[in-house]
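**Q** The structure follows.
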Amino acid sequence: MQGQDVDSASSRLACKRLLFAGLALSALTACASGGGHHAPKAGRNVGVLLPLTGANARLGQEMLTATRMAMNTPTAPPLDVHDTAAPGGTAATAAQAAVSAGDGLILGPLTTDETAAAAPVATAAHVPMLAFTSDMSVAQPGVWTLGIAPEQQVRRMVLAARQQGRQHFAAFLPENRLGHALGQALQLVCAENGLQSPQIMYHESLQASVTTGLKTLSAYDTRAAAVAQPQPDAQAAAPQVDAAVDPANPDGAPPAADQPATPAATPDFPAPPFDALLLGDTGLQLGMVINALVETHVDSAHVQIMGPGLWGAFATKLSALQGAWYAAPDPASRQAFVQQFMARYHHMPTPLADLTYDSAALVKALDQNRPAGSANGYSVQALTRPEGFGGVDGAFGFLEDGKTRRDLAVFQILPSGGSRIVIPPAGKLRRSAN
């Protein structure tokens with residue numbers, strides 16, 4: 001009996017030792033994985049690719065702050081953060097590190113060029129990527145761009161103009177990357193909606209070439225010849241917009257108080273061969289385009305003028321374009337996020353912080369709803385759900401071809417400058433439109 005008692009005591013002591021050793025190993029494992037949590041399932045981690053050092057470090061750090069702000073619960077998926085601007089590193093090497101770590105989804109990188117470099121790494125590993133650029137040329141199956149893209153803006157305005165009876169679209173655009181993105185978008189959206197192929201002209205940055213180009217596009221000579229009572233002083237009296245319209249300095253000096261708006265149409269001057277015109281200029285070149293619009297009698301009496309969402313940053317200076325449209329998110333939808341961010345960090349978040357917050361909130365929602373037994377919920381089917389997702393800047397969603405849908409408002413420039421919403425967001429997404 002005594003031997004049995006000794007054996008039992010020895011057995012109990014051995015079990016205690018094994019238990020303590022197991023607890024110590026578990027504690028070490030918990031510490032290694034961040035402390036206080038079980039090691040995450042493979043594929044549940046989320047890679048984040050942002051510039052955390054270098055020229056864009058401040059922006060990257062704020063975007064990372066917004067990401068962590070969205071991941072505000074203990075059960076949120078772990079973040080695997082990589083610096084795309086680290087010495088000797090690139091967006092491609094950061095993406096490879098995320099893939100090698102077994103991340104189930106990648107948020108970022110920031111720019112078009114970085115996305116183009118990182119995308120092949122992610123797609124080869126079948127890891128979805130949500131990049132923060134607005135350039136949809138780098139979008140593809142498995143790679144979505146979260147920025148508010150020219151195509152989304154153009155689609156919103158074309159559909160709205162069509163509902164108001166506009167049928168003949170044209171574009172007068174700068175010879176640059178944004179101009180060509182807008183032109184390609186207009187061609188695509190018109191084709192999608194069975195509209196006549198739009199007339200598109202690109203212009204250089206001299207006033208003479210801008211005016212000549214718009215005269216050609218608007219068939220000015222033919223229209224002028226049809227005027228029964230020509231007005232020889234009309235061009236001499238045409239107001240010139242000399243004040244710079246500079247989006248890089250939206251808080252600069254306002255235009256002179258006596259700067260006139262676009263005058264009402266001359267009753268006897270025929271309309272141009274289009275009833276909707278897309279522009280893409282900002283800065284000094286937009287002033288040149290406004291001068292040319294006046295001189296060629298292209299005005300809001302006959303034509304719905306449309307422009308990029310960039311106009312919203314300096315709309316107070318655009319009284320000469322009264323009646324013109326641009327498409328952008330409703331700022332009211334952003335207020336709750338702005339207030340929450342400012343309460344924590346005491347400054348206004350940048351618009352790019354909206355994107356990282358939305359992407360992280362989306363990930364958390366998918367993770368919480370992942371099917372039982374699955375490593376993560378980041379499948380293409382889950383990402384492309386028809387109802388999309390609610391975001392800081394309104395509803396958004398993904399299509400299987402890599403395109404991103406957005407629910408935008410249409411703004412109109414006021415006679416005194418500034419703008420107001422004339423067509424609010426729909427509040428939901430349709431599969432065929434943003």
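Residues in the structure tokens are numbered from 1 in each chain, the chains being A, B, ... in the order shown, and ligands are numbered from 1 in the order shown.
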Which residues, written as a PyMOL selection string, have at least one atom at most 7 Å from Leu110 in chain A, with only C-alpha atoms counted and residues fewer than 2 positions away on the same chain left out?
**A** chain A and resi 50+108+114+131-133
**Q** From a DSSP calculation on the backbone, collect every residue of range 173-204 of chain A in strand (DSSP E or B) and output the set as a list in words.
**A** Leu173, Pro174, Gln199, Ile200, Met201, Tyr202 and His203 of chain A
**Q** Store the residues picked out above in a file with all heavy atoms, as a tab-separated table (two decimals), in the first residue's frame.
**A**
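The result, written out as out.tsv:
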chain	number	residue	atom	x	y	z
A	173	LEU	N	-10.17	67.78	-73.01
A	173	LEU	CA	-9.38	67.31	-71.88
A	173	LEU	C	-7.90	67.64	-72.02
A	173	LEU	O	-7.39	67.75	-73.13
A	173	LEU	CB	-9.54	65.78	-71.75
A	173	LEU	CG	-10.98	65.28	-71.57
A	173	LEU	CD1	-11.06	63.79	-71.78
A	173	LEU	CD2	-11.48	65.65	-70.17
A	174	PRO	N	-7.21	67.77	-70.89
A	174	PRO	CA	-5.77	68.04	-70.94
A	174	PRO	C	-5.00	66.82	-71.42
A	174	PRO	O	-5.41	65.68	-71.19
A	174	PRO	CB	-5.43	68.38	-69.49
A	174	PRO	CG	-6.46	67.65	-68.69
A	174	PRO	CD	-7.73	67.70	-69.51
A	199	GLN	N	-17.33	62.59	-78.91
A	199	GLN	CA	-16.23	63.33	-79.51
A	199	GLN	C	-15.25	63.69	-78.40
A	199	GLN	O	-15.66	64.27	-77.39
A	199	GLN	CB	-16.73	64.61	-80.16
A	199	GLN	CG	-17.82	64.42	-81.20
A	199	GLN	CD	-18.33	65.77	-81.68
A	199	GLN	OE1	-17.61	66.54	-82.33
A	199	GLN	NE2	-19.57	66.09	-81.35
A	200	ILE	N	-13.99	63.36	-78.58
A	200	ILE	CA	-12.99	63.62	-77.54
A	200	ILE	C	-11.80	64.33	-78.16
A	200	ILE	O	-11.27	63.90	-79.19
A	200	ILE	CB	-12.53	62.32	-76.86
A	200	ILE	CG1	-13.72	61.65	-76.16
A	200	ILE	CG2	-11.42	62.60	-75.85
A	200	ILE	CD1	-13.39	60.31	-75.53
A	201	MET	N	-11.39	65.43	-77.55
A	201	MET	CA	-10.23	66.19	-78.02
A	201	MET	C	-9.33	66.50	-76.83
A	201	MET	O	-9.81	66.89	-75.77
A	201	MET	CB	-10.65	67.48	-78.72
A	201	MET	CG	-9.48	68.33	-79.21
A	201	MET	SD	-10.01	69.75	-80.20
A	201	MET	CE	-10.54	68.92	-81.71
A	202	TYR	N	-8.02	66.31	-77.03
A	202	TYR	CA	-7.03	66.64	-76.01
A	202	TYR	C	-6.30	67.91	-76.43
A	202	TYR	O	-6.04	68.13	-77.61
A	202	TYR	CB	-6.05	65.48	-75.83
A	202	TYR	CG	-6.73	64.22	-75.35
A	202	TYR	CD1	-7.17	63.25	-76.27
A	202	TYR	CD2	-6.96	63.99	-74.00
A	202	TYR	CE1	-7.80	62.10	-75.84
A	202	TYR	CE2	-7.60	62.84	-73.57
A	202	TYR	CZ	-8.03	61.90	-74.49
A	202	TYR	OH	-8.67	60.77	-74.06
A	203	HIS	N	-5.95	68.74	-75.45
A	203	HIS	CA	-5.35	70.03	-75.78
A	203	HIS	C	-4.04	70.25	-75.02
A	203	HIS	O	-3.79	69.63	-73.98
A	203	HIS	CB	-6.33	71.16	-75.47
A	203	HIS	CG	-6.64	71.31	-74.00
A	203	HIS	ND1	-5.79	71.94	-73.11
A	203	HIS	CD2	-7.70	70.90	-73.27
A	203	HIS	CE1	-6.31	71.92	-71.90
A	203	HIS	NE2	-7.47	71.28	-71.95
**Q** Report, in Å to a single decimal, how far apart CA of Phe172 in chain A and CA of Leu279 in chain A are.
**A**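 So the answer is 5.3 Å.
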**Q** Restricting the calculation to only C-alpha atoms, which member of A:Gln187, A:Asn176, A:Gln167, A:Ser374 is positioned closest to Ser205 in chain A?
**A**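 Using only C-alpha atoms, the shortest distance to Ser205 in chain A belongs to A:Asn176.
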**Q** Pick out the closest residue to Ala95 in chain A from this set: A:Pro273, A:Pro349, A:Pro78, A:Gly47. Count only C-alpha atoms.
**A** A:Gly47
**Q** With a distance cut-off of 8 Å and only C-alpha atoms, select the neighbouring residues of Asp135 in chain A, excluding the residue or stretch itself and same-chain residues fewer than 5 positions from it, and output the selection as number ranges by chain.
**A** A: 112, 145, 147, 149-150
**Q** Distance CA of Arg223 in chain A-CA of Gln304 in chain A, one decimal place?
**A**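 So the answer is 18.5 Å.
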**Q** Contacts between range 376-398 of chain A and range 138-226 of chain A, please, where a residue of range 138-226 of chain A counts if it comes within 12 Å (with only C-alpha atoms); show its shortest atom pair and distance in Å to one decimal, rows by chain and ascending number, as a tab-separated table.
**A**
residue	atom	partner	partner_atom	distance
A:Ala139	CA	A:Phe398	CA	10.7
A:Gln140	CA	A:Phe398	CA	11.0
A:Pro141	CA	A:Val380	CA	9.0
A:Gly142	CA	A:Val380	CA	7.4
A:Val143	CA	A:Phe398	CA	9.8
A:Trp144	CA	A:Phe398	CA	7.2
A:Thr145	CA	A:Phe398	CA	9.2
A:Leu146	CA	A:Phe396	CA	8.8
A:Gly147	CA	A:Phe396	CA	10.7
A:Ile148	CA	A:Asp393	CA	9.6
A:Gln152	CA	A:Phe396	CA	10.7
**Q** Skipping near chain neighbours, those fewer than 5 positions away, what residues fall within 9 Å of Ala98 in chain A using only C-alpha atoms, listed as a list in words?
**A**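 My reading of the contact set: Val46, Gly47, Val48, Leu49, Asp80, Val81, His82, Thr93, Asp103, Gly104, Leu105, Ile106 and Ala122 of chain A.
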**Q** For Ala225 in chain A, which of A:Gly88, A:Pro74, A:Pro120, A:Pro270 is the closest residue, counting only C-alpha atoms?
**A**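 Among the listed residues, the smallest separation from Ala225 in chain A belongs to A:Pro270.
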**Q** Rank A:Gln335, A:Thr296, A:Thr350, A:Thr53 by their smallest atom-to-atom distance to Leu217 in chain A, using only C-alpha atoms, and report the top residue only.
**A** A:Thr296
**Q** Residues of range 39-143 of chain A in helix (DSSP H, G or I) according to DSSP, as a VMD selection string?
**A** chain A and resid 57 to 70 91 to 100 112 to 124 136 to 138
**Q** Considering only C-alpha atoms, state which residue in the set A:Met288, A:Val138, A:Ile305, A:Ala271 is at the smallest distance from Phe169 in chain A.
**A**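 Going through A:Met288, A:Val138, A:Ile305, A:Ala271 one by one, the smallest distance to Phe169 in chain A is for A:Ile305.
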**Q** Using only C-alpha atoms, which protein or nucleic acid residues come within 6 Å of range 56-71 of chain A? Drop anything in the same chain fewer than 6 positions from it, and give the result as a PyMOL selection string.
**A** chain A and resi 50+353+356-357+360-361
